[in-house]
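Listing of input37.txt, compact mmCIF, C-alpha atoms
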```txt
# COMPACT_ATOMS: atom_id res chain seq x y z
CA MET A 85 31.62 39.43 13.75
CA ARG A 86 32.84 40.20 10.25
CA ILE A 87 31.21 39.12 7.03
CA VAL A 88 34.05 36.73 6.15
CA THR A 89 33.00 34.35 8.94
CA TRP A 90 29.78 33.63 7.04
CA VAL A 91 31.85 31.58 4.63
CA GLY A 92 31.34 28.78 7.15
CA LEU A 93 27.78 28.38 5.77
CA VAL A 94 29.14 27.02 2.49
CA PRO A 95 30.16 23.58 3.85
CA ALA A 96 26.99 23.56 5.96
CA PHE A 97 24.87 23.78 2.79
CA ALA A 98 27.11 21.18 1.12
CA ALA A 99 26.48 18.78 4.02
CA GLY A 100 22.79 18.71 3.15
CA MET A 101 23.34 17.88 -0.53
CA CYS A 102 26.78 16.32 -1.05
CA GLY A 103 28.82 13.37 0.10
CA VAL A 104 31.43 13.40 2.83
CA TRP A 105 34.43 13.94 0.59
CA THR A 106 32.75 16.71 -1.39
CA THR A 107 31.72 18.44 1.84
CA ALA A 108 35.27 18.09 3.13
CA ALA A 109 36.58 19.64 -0.09
CA PHE A 110 34.24 22.63 0.37
CA ALA A 111 35.45 22.93 3.97
CA VAL A 112 39.11 22.97 2.91
CA VAL A 113 38.40 25.57 0.20
CA CYS A 114 36.56 27.76 2.71
CA LEU A 115 39.41 27.60 5.22
CA GLY A 116 41.90 28.35 2.45
CA THR A 117 39.78 31.30 1.36
CA VAL A 118 39.66 32.76 4.87
CA ILE A 119 43.42 32.35 5.39
CA GLY A 120 44.23 33.75 1.93
CA LEU A 121 42.06 36.80 2.46
CA GLU A 122 43.64 37.53 5.82
CA GLN A 123 47.13 37.35 4.39
CA SER A 124 46.47 39.29 1.20
CA LEU A 125 44.32 42.15 2.54
CA ASP A 126 45.76 44.98 4.61
CA HIS A 127 43.14 46.37 6.98
CA GLN A 128 42.85 47.51 10.55
CA TYR A 129 40.49 44.77 11.73
CA PRO A 130 42.40 41.46 11.52
CA MET A 131 40.57 38.21 12.24
CA GLY A 132 40.78 37.07 15.82
CA VAL A 133 41.37 33.56 17.05
CA SER A 134 37.74 33.13 18.11
CA GLU A 135 36.44 34.05 14.65
CA PHE A 136 38.86 31.69 12.95
CA LEU A 137 37.88 28.87 15.31
CA LEU A 138 34.24 29.58 14.51
CA VAL A 139 34.89 28.92 10.81
CA VAL A 140 36.94 25.80 11.59
CA THR A 141 34.18 24.47 13.85
CA ALA A 142 31.56 25.07 11.17
CA CYS A 143 33.64 23.16 8.63
CA VAL A 144 34.28 20.21 10.94
CA LEU A 145 30.64 19.96 12.02
CA SER A 146 29.52 20.13 8.38
CA VAL A 147 31.67 17.12 7.47
CA LEU A 148 30.31 15.19 10.47
CA ALA A 149 26.73 16.16 9.56
CA SER A 150 27.24 14.90 6.01
CA ALA A 151 28.53 11.56 7.31
CA LEU A 152 25.57 11.21 9.69
CA ARG A 153 23.09 12.11 6.95
CA LEU A 154 24.49 9.47 4.60
CA ARG A 155 24.45 6.91 7.39
CA ALA A 156 20.81 7.68 8.15
CA ASN A 157 19.93 7.45 4.44
CA ARG A 158 21.54 4.01 4.22
CA GLN A 159 19.55 2.87 7.25
CA VAL A 160 16.33 4.16 5.73
CA ARG A 161 17.07 2.36 2.47
CA ARG A 162 17.66 -0.89 4.35
CA LEU A 163 14.36 -0.49 6.15
CA GLU A 164 12.58 0.27 2.90
CA ASP A 165 14.12 -2.79 1.28
CA ALA A 166 12.95 -4.94 4.19
CA ALA A 167 9.47 -3.43 3.96
CA GLN A 168 9.39 -4.05 0.23
CA ALA A 169 10.43 -7.67 0.76
CA THR A 170 7.63 -8.06 3.30
CA ARG A 171 5.16 -6.56 0.86
CA LEU A 172 6.18 -8.95 -1.90
CA ALA A 173 5.90 -11.89 0.50
CA VAL A 174 2.38 -10.90 1.57
CA LEU A 175 1.01 -9.14 -1.52
CA ARG A 176 2.59 -10.94 -4.42
CA PRO A 177 2.45 -9.17 -7.79
CA ILE A 178 -0.64 -10.08 -9.79
CA PRO A 179 -0.13 -10.47 -13.55
CA PRO A 180 -2.26 -8.16 -15.71
CA ARG A 181 -3.73 -11.26 -17.38
CA ILE A 182 -4.26 -14.38 -15.31
CA GLY A 183 -6.75 -17.23 -15.27
CA GLY A 184 -9.07 -15.73 -17.87
CA VAL A 185 -9.32 -12.23 -16.37
CA ARG A 186 -7.54 -8.91 -16.76
CA THR A 187 -6.45 -7.33 -13.51
CA ALA A 188 -5.06 -4.10 -12.09
CA ASN A 189 -4.35 -3.08 -8.52
CA VAL A 190 -2.71 -0.48 -6.35
CA TYR A 191 -1.73 -0.36 -2.69
CA LEU A 192 -1.25 2.97 -0.94
CA ALA A 193 0.21 2.68 2.56
CA ALA A 194 -0.70 5.42 5.01
CA GLU A 195 2.84 5.09 6.40
CA ARG A 196 4.97 5.17 3.28
CA ALA A 197 7.97 3.55 4.91
CA ALA A 198 5.83 0.57 5.94
CA LYS A 199 4.87 -0.32 2.34
CA VAL A 200 2.26 -2.82 3.54
CA GLY A 201 -0.31 -3.08 6.32
CA GLY A 202 -3.46 -5.04 7.07
CA ASP A 203 -5.11 -4.61 3.66
CA PHE A 204 -4.78 -7.63 1.39
CA PHE A 205 -5.93 -8.91 -2.00
CA ASP A 206 -5.20 -11.63 -4.52
CA VAL A 207 -6.49 -13.28 -7.69
CA GLN A 208 -6.24 -17.05 -7.87
CA PRO A 209 -6.74 -19.02 -11.11
CA THR A 210 -8.52 -22.32 -10.41
CA PRO A 211 -10.17 -25.17 -12.33
CA PHE A 212 -13.49 -23.67 -11.21
CA GLY A 213 -12.79 -20.24 -12.65
CA PRO A 214 -10.81 -17.28 -11.28
CA ARG A 215 -11.39 -16.38 -7.66
CA VAL A 216 -10.74 -13.05 -6.01
CA LEU A 217 -10.21 -12.03 -2.40
CA LEU A 218 -9.86 -8.55 -0.94
CA GLY A 219 -10.05 -7.56 2.69
CA ASP A 220 -8.88 -5.42 5.57
CA VAL A 221 -7.55 -6.72 8.88
CA GLN A 222 -8.55 -4.69 11.92
CA GLY A 223 -5.72 -2.72 13.44
CA LYS A 224 -2.17 -1.97 12.35
CA GLY A 225 1.31 -3.23 12.96
CA THR A 226 3.06 -6.51 12.36
CA SER A 227 0.25 -8.59 13.87
CA ALA A 228 -2.16 -7.19 11.26
CA VAL A 229 0.34 -8.07 8.53
CA ASP A 230 0.68 -11.59 9.96
CA ALA A 231 -3.10 -12.05 9.93
CA ALA A 232 -3.32 -10.80 6.33
CA ALA A 233 -0.55 -13.20 5.28
CA ALA A 234 -2.33 -16.10 6.99
CA LEU A 235 -5.61 -15.38 5.19
CA LEU A 236 -3.90 -15.02 1.82
CA SER A 237 -2.00 -18.29 2.20
CA ALA A 238 -5.22 -20.10 3.11
CA PHE A 239 -7.06 -18.54 0.18
CA ARG A 240 -4.38 -19.43 -2.38
CA GLU A 241 -4.42 -23.07 -1.37
CA THR A 242 -8.11 -23.62 -0.64
CA ALA A 243 -9.50 -21.66 -3.57
CA TYR A 244 -7.66 -23.90 -6.01
CA TYR A 245 -8.80 -27.25 -4.60
CA GLU A 246 -12.32 -26.55 -3.33
CA ALA A 247 -15.15 -26.33 -5.87
CA ASP A 248 -17.66 -24.89 -3.39
CA LEU A 249 -17.06 -21.23 -2.56
CA ALA A 250 -18.77 -21.76 0.81
CA VAL A 251 -16.02 -24.21 1.77
CA VAL A 252 -13.39 -21.62 0.85
CA ALA A 253 -15.15 -19.09 3.08
CA GLU A 254 -15.27 -21.60 5.93
CA ARG A 255 -11.55 -22.32 5.62
CA LEU A 256 -10.79 -18.61 5.79
CA GLU A 257 -12.80 -18.33 8.97
CA HIS A 258 -10.97 -21.28 10.53
CA ARG A 259 -7.62 -19.81 9.50
CA ILE A 260 -8.16 -16.48 11.20
CA ARG A 261 -9.30 -18.26 14.37
CA ARG A 262 -6.17 -20.40 14.39
CA GLN A 263 -4.09 -17.28 13.84
CA ASN A 264 -5.70 -15.62 16.85
CA GLN A 265 -5.06 -18.70 18.98
CA TYR A 266 -1.42 -18.75 17.92
CA VAL A 267 -0.98 -15.05 18.71
CA SER A 268 -2.57 -15.53 22.15
CA LEU A 269 0.02 -18.23 22.95
CA LEU A 270 2.71 -15.63 22.29
CA GLY A 271 1.20 -13.48 25.02
CA GLU A 272 -0.26 -10.81 22.75
CA SER A 273 -3.66 -9.47 23.75
CA GLY A 274 -6.54 -8.75 21.41
CA GLU A 275 -7.95 -10.88 18.63
CA ARG A 276 -7.81 -9.80 15.01
CA PHE A 277 -10.75 -9.85 12.65
CA ALA A 278 -11.04 -8.90 9.00
CA THR A 279 -13.73 -7.65 6.69
CA ALA A 280 -13.41 -9.27 3.28
CA VAL A 281 -15.07 -9.97 -0.05
CA LEU A 282 -14.65 -13.39 -1.66
CA VAL A 283 -15.66 -13.63 -5.32
CA GLY A 284 -15.84 -16.58 -7.66
CA LEU A 285 -16.24 -16.20 -11.43
CA PRO A 286 -17.39 -19.28 -13.37
CA PRO A 287 -15.00 -20.59 -16.05
CA GLU A 288 -17.32 -19.39 -18.81
CA ASP A 289 -19.27 -16.17 -18.94
CA SER A 290 -22.70 -17.07 -17.53
CA GLY A 291 -23.83 -13.54 -16.70
CA TRP A 292 -23.31 -13.97 -12.96
CA LEU A 293 -20.72 -14.36 -10.21
CA GLU A 294 -20.69 -15.83 -6.72
CA MET A 295 -19.84 -13.63 -3.77
CA VAL A 296 -19.39 -13.97 -0.02
CA ASN A 297 -19.20 -10.66 1.81
CA PHE A 298 -17.80 -10.66 5.34
CA GLY A 299 -19.05 -7.24 6.42
CA HIS A 300 -17.06 -5.39 3.78
CA GLU A 301 -17.83 -2.46 1.51
CA ALA A 302 -20.04 -3.24 -1.47
CA PRO A 303 -18.01 -3.82 -4.65
CA TYR A 304 -18.91 -1.91 -7.80
CA ALA A 305 -19.67 -3.19 -11.29
CA ILE A 306 -18.72 -0.79 -14.07
CA THR A 307 -19.57 -0.80 -17.75
CA GLY A 308 -19.48 1.91 -20.38
CA GLU A 309 -23.18 2.59 -19.79
CA ARG A 310 -23.65 2.45 -16.03
CA VAL A 311 -22.18 1.91 -12.57
CA TRP A 312 -23.93 -0.03 -9.84
CA ALA A 313 -23.10 -1.40 -6.40
CA LEU A 314 -23.25 -5.11 -5.67
CA PRO A 315 -24.78 -6.31 -2.38
CA GLU A 316 -23.16 -5.04 0.78
CA GLY A 317 -21.82 -7.32 3.47
CA GLU A 318 -24.63 -8.83 5.48
CA GLY A 319 -22.45 -11.13 7.57
CA THR A 320 -19.94 -10.64 10.33
CA PRO A 321 -16.24 -10.20 9.60
CA LEU A 322 -13.83 -13.11 9.51
CA GLY A 323 -12.93 -14.08 13.04
CA LEU A 324 -16.28 -12.96 14.50
CA THR A 325 -18.72 -15.42 12.95
CA GLU A 326 -19.05 -17.17 16.32
CA LEU A 327 -21.18 -14.20 17.35
CA THR A 328 -23.86 -15.16 14.82
CA GLY A 329 -23.19 -18.88 14.65
CA ARG A 330 -23.07 -18.97 10.85
CA LEU A 331 -21.03 -17.81 7.90
CA PRO A 332 -22.34 -15.25 5.41
CA PRO A 333 -24.20 -16.94 2.55
CA VAL A 334 -22.86 -17.43 -0.94
CA ARG A 335 -24.87 -15.11 -3.15
CA ARG A 336 -25.22 -15.40 -6.89
CA VAL A 337 -25.19 -11.89 -8.36
CA ALA A 338 -25.88 -10.79 -11.93
CA PHE A 339 -22.65 -9.65 -13.55
CA PRO A 340 -22.23 -9.18 -17.32
CA GLY A 341 -19.04 -10.40 -18.91
CA GLU A 342 -18.04 -6.96 -20.20
CA ALA A 343 -18.25 -5.34 -16.74
CA THR A 344 -15.28 -4.47 -14.55
CA LEU A 345 -15.47 -5.53 -10.92
CA LEU A 346 -14.01 -3.00 -8.48
CA LEU A 347 -13.09 -3.99 -4.93
CA TYR A 348 -11.53 -1.60 -2.41
CA THR A 349 -10.87 -1.10 1.28
CA ASP A 350 -12.03 1.66 3.60
CA GLY A 351 -9.09 3.82 2.64
CA VAL A 352 -11.27 4.66 -0.38
CA SER A 353 -14.73 4.74 1.15
CA GLU A 354 -13.58 6.76 4.18
CA ALA A 355 -11.26 9.15 2.35
CA ARG A 356 -12.08 12.71 3.48
CA ASP A 357 -11.05 16.17 2.48
CA ARG A 358 -10.16 18.98 4.88
CA ASN A 359 -13.85 19.66 5.52
CA GLY A 360 -14.53 16.04 6.46
CA THR A 361 -16.47 15.29 3.27
CA PHE A 362 -16.26 11.70 2.08
CA LEU A 363 -15.05 10.87 -1.41
CA PRO A 364 -18.08 10.54 -3.77
CA LEU A 365 -16.83 7.30 -5.29
CA ALA A 366 -19.95 6.51 -7.31
CA GLU A 367 -19.82 9.93 -8.96
CA GLU A 368 -16.14 9.49 -9.78
CA LEU A 369 -16.82 6.10 -11.36
CA ALA A 370 -19.78 7.42 -13.32
CA GLY A 371 -17.47 9.83 -15.09
CA ALA A 372 -14.96 7.16 -16.11
CA SER A 373 -14.00 7.24 -19.77
CA ASP A 374 -11.82 4.14 -19.50
CA THR A 375 -13.61 1.23 -17.83
CA SER A 376 -10.75 -1.25 -18.20
CA PRO A 377 -9.27 -2.56 -14.92
CA ARG A 378 -6.20 -0.36 -15.31
CA GLY A 379 -8.28 2.70 -16.15
CA VAL A 380 -10.61 2.16 -13.18
CA VAL A 381 -7.78 1.62 -10.70
CA GLU A 382 -5.92 4.72 -11.87
CA LEU A 383 -9.13 6.76 -11.66
CA VAL A 384 -9.76 5.66 -8.06
CA GLU A 385 -6.13 6.19 -7.05
CA HIS A 386 -6.04 9.72 -8.45
CA ALA A 387 -9.44 10.52 -6.92
CA VAL A 388 -8.32 9.42 -3.45
CA LEU A 389 -5.04 11.33 -3.59
CA ARG A 390 -6.74 14.42 -4.98
CA HIS A 391 -9.58 14.34 -2.44
CA THR A 392 -7.25 13.86 0.55
CA ARG A 393 -4.45 15.98 -0.93
CA GLY A 394 -2.12 13.06 -0.40
CA ARG A 395 -2.79 12.89 3.35
CA LEU A 396 -3.89 9.28 3.71
CA THR A 397 -5.17 8.34 7.16
CA ASP A 398 -5.56 4.63 6.40
CA ASP A 399 -4.05 2.05 4.10
CA THR A 400 -5.78 1.89 0.73
CA ALA A 401 -6.07 -1.19 -1.48
CA VAL A 402 -7.84 -1.16 -4.85
CA LEU A 403 -8.33 -4.19 -7.12
CA ALA A 404 -10.19 -4.38 -10.42
CA VAL A 405 -10.84 -7.46 -12.57
CA ARG A 406 -12.68 -8.11 -15.82
CA ARG A 407 -13.11 -11.14 -18.00
CA ASP A 408 -10.48 -11.39 -20.69
CA PRO A 409 -12.24 -11.62 -24.07
CA ASP A 410 -9.12 -13.12 -25.62
CA PRO A 411 -7.26 -15.03 -22.88
CA PRO A 412 -3.72 -16.20 -23.69
CA ALA A 413 -3.38 -19.86 -24.58
CA ASP A 414 -0.96 -20.59 -21.78
CA GLY A 415 -3.29 -22.79 -19.79
CA LEU A 416 -2.25 -21.12 -16.54
CA THR A 417 -4.21 -22.73 -13.73
CA LEU A 418 -1.51 -23.55 -11.21
CA ASP A 419 -0.18 -21.29 -8.47
```
How would this structure read if it were set down as structure tokens?
Amino acid sequence: MRIVTWVGLVPAFAAGMCGVWTTAAFAVVCLGTVIGLEQSLDHQYPMGVSEFLLVVTACVLSVLASALRLRANRQVRRLEDAAQATRLAVLRPIPPRIGGVRTANVYLAAERAAKVGGDFFDVQPTPFGPRVLLGDVQGKGTSAVDAAAALLSAFRETAYYEADLAVVAERLEHRIRRQNQYVSLLGESGERFATAVLVGLPPEDSGWLEMVNFGHEAPYAITGERVWALPEGEGTPLGLTELTGRLPPVRRVAFPGEATLLLYTDGVSEARDRNGTFLPLAEELAGASDTSPRGVVELVEHAVLRHTRGRLTDDTAVLAVRRDPDPPADGLTLD
């Protein structure tokens, strides 16, 4: 095999980076180069038919490979667009200022092509003050996304019309049960449940908030002076309250108006490095120089990605809210 046959690698490299027509142009130039060299050089080792066919085959296969690569890329883009549409339908964008609070959030999917999983969150402006929900549906797949969508739709409607946060919690429990019954009628096995934190902030800063914790991680309160954890979940997750016969209680928790409330899913609390060490979230928050919602969310996001080196094993949702000292005079209270 002579060195000239290696010219067939040129269109092969082009197939990985260029379009079909550009790859075909490289293939034509390579064939022209081989033929021109054979006709212009006088030597005792002329190219055989098998060697020439080898170059031709490499050129043809390179053009086909380029076409297949572009086709696969288009398919991936369509799937990503569909996943993005699903994400926007389930996790609608939350304005940075809404209902008297400033907000920031981030969602990191363990499977990047999926865009969205069973983690969910939302902020709902209501006549009774802004209300916040964050949770994590057990399991993965489309059924987990369906359950998250069902809980969010129930929250957005109930939180606006019900003054009592306990009633909102009860409606969420009923909604996940109905979702499980519906899924069972479709022949799917296994019932979904969800850990969640439901928070209600009074319309005016009263130095406290109301919280219902369905077996979820304890939220954090963050100010410029200190960081402390709010009460952990003492109740069962949504969908499993029949085991205890009662819903978790509504707890009134001290919460200063200048504090930022941080809620997150187990993608944060269970983030591990290569040695299996959990992310020291409290230590990361204690070193925060920017305690605004955006600053806190970015700090947690960077800490998780740095600690896991970008190898997420679970979906990660982070939401931070803080009272807006100067809310816009838009009177936004409707969904």
| request: State, in Å with one decimal place, the distance from CA of Gln265 in chain A to CA of Leu217 in chain A. | output: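 Taking CA of Gln265 in chain A as the start and CA of Leu217 in chain A as the end point, the length is 23.0 Å.
Interatomic distance, CA of Ala231 in chain A against CA of Leu403 in chain A: 19.5 Å.
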| request: Figure out the distance between CA of Phe205 in chain A and CA of Met295 in chain A, please, to one decimal in Å. | output: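 Going from CA of Met295 in chain A over to CA of Phe205 in chain A, I get 14.8 Å.
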| Near-Leu322 in chain A list (7 Å; all atoms listed in the file; drop same-chain fewer than 6 positions) as a PyMOL selection string | chain A and resi 257+260+277-279+298
| said: When you look at range 339-353 of chain A with a cut-off of 8 Å (counting all atoms listed in the file), what residues show up, excluding the ones that are within fewer than 6 positions of it in the same chain? I need them as a ChimeraX atom specification. | reply: /A:203,218-220,281,289-293,300-307,362-363,365,375-377,380,384,388,396-407
| task | Check the smallest atom-to-atom distance from each of A:Ala355, A:Val144, A:Val118, A:Val113 to Trp90 in chain A using all atoms listed in the file, then report the winner. | result |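 The shortest atom-to-atom distance to Trp90 in chain A comes from A:Val118.
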| said: From the options A:Leu282, A:Ala233, A:Ala188, A:Leu93, which residue's atoms come nearest to Glu254 in chain A, counting all atoms listed in the file? | reply: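 Of A:Leu282, A:Ala233, A:Ala188, A:Leu93, the one nearest Glu254 in chain A is A:Leu282, counting all atoms listed in the file.
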| query | Which residues, protein or nucleic acid, reach to within 6 Å of (-14.1, -22.4, -10.9) in the file's coordinates when using all atoms listed in the file, and can you give that as a ChimeraX atom specification? | reply | /A:210-213,286-287
| request: Point out the residue among A:Ser373, A:Thr187, A:Asn157, A:Gln208 with the least atom-to-atom distance to Glu309 in chain A, counting only C-alpha atoms. | output: A:Ser373
| Proximity to Ile182 in chain A - best of A:Leu314, A:Val207, A:Ala228, A:Leu154, all atoms listed in the file |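 Once distances to Ile182 in chain A are computed over all atoms listed in the file, the minimum belongs to A:Val207.
Distance check against Glu367 in chain A using all atoms listed in the file: of A:Ala387, A:Arg255, A:Val190, A:Gly116, the minimum falls on A:Ala387.
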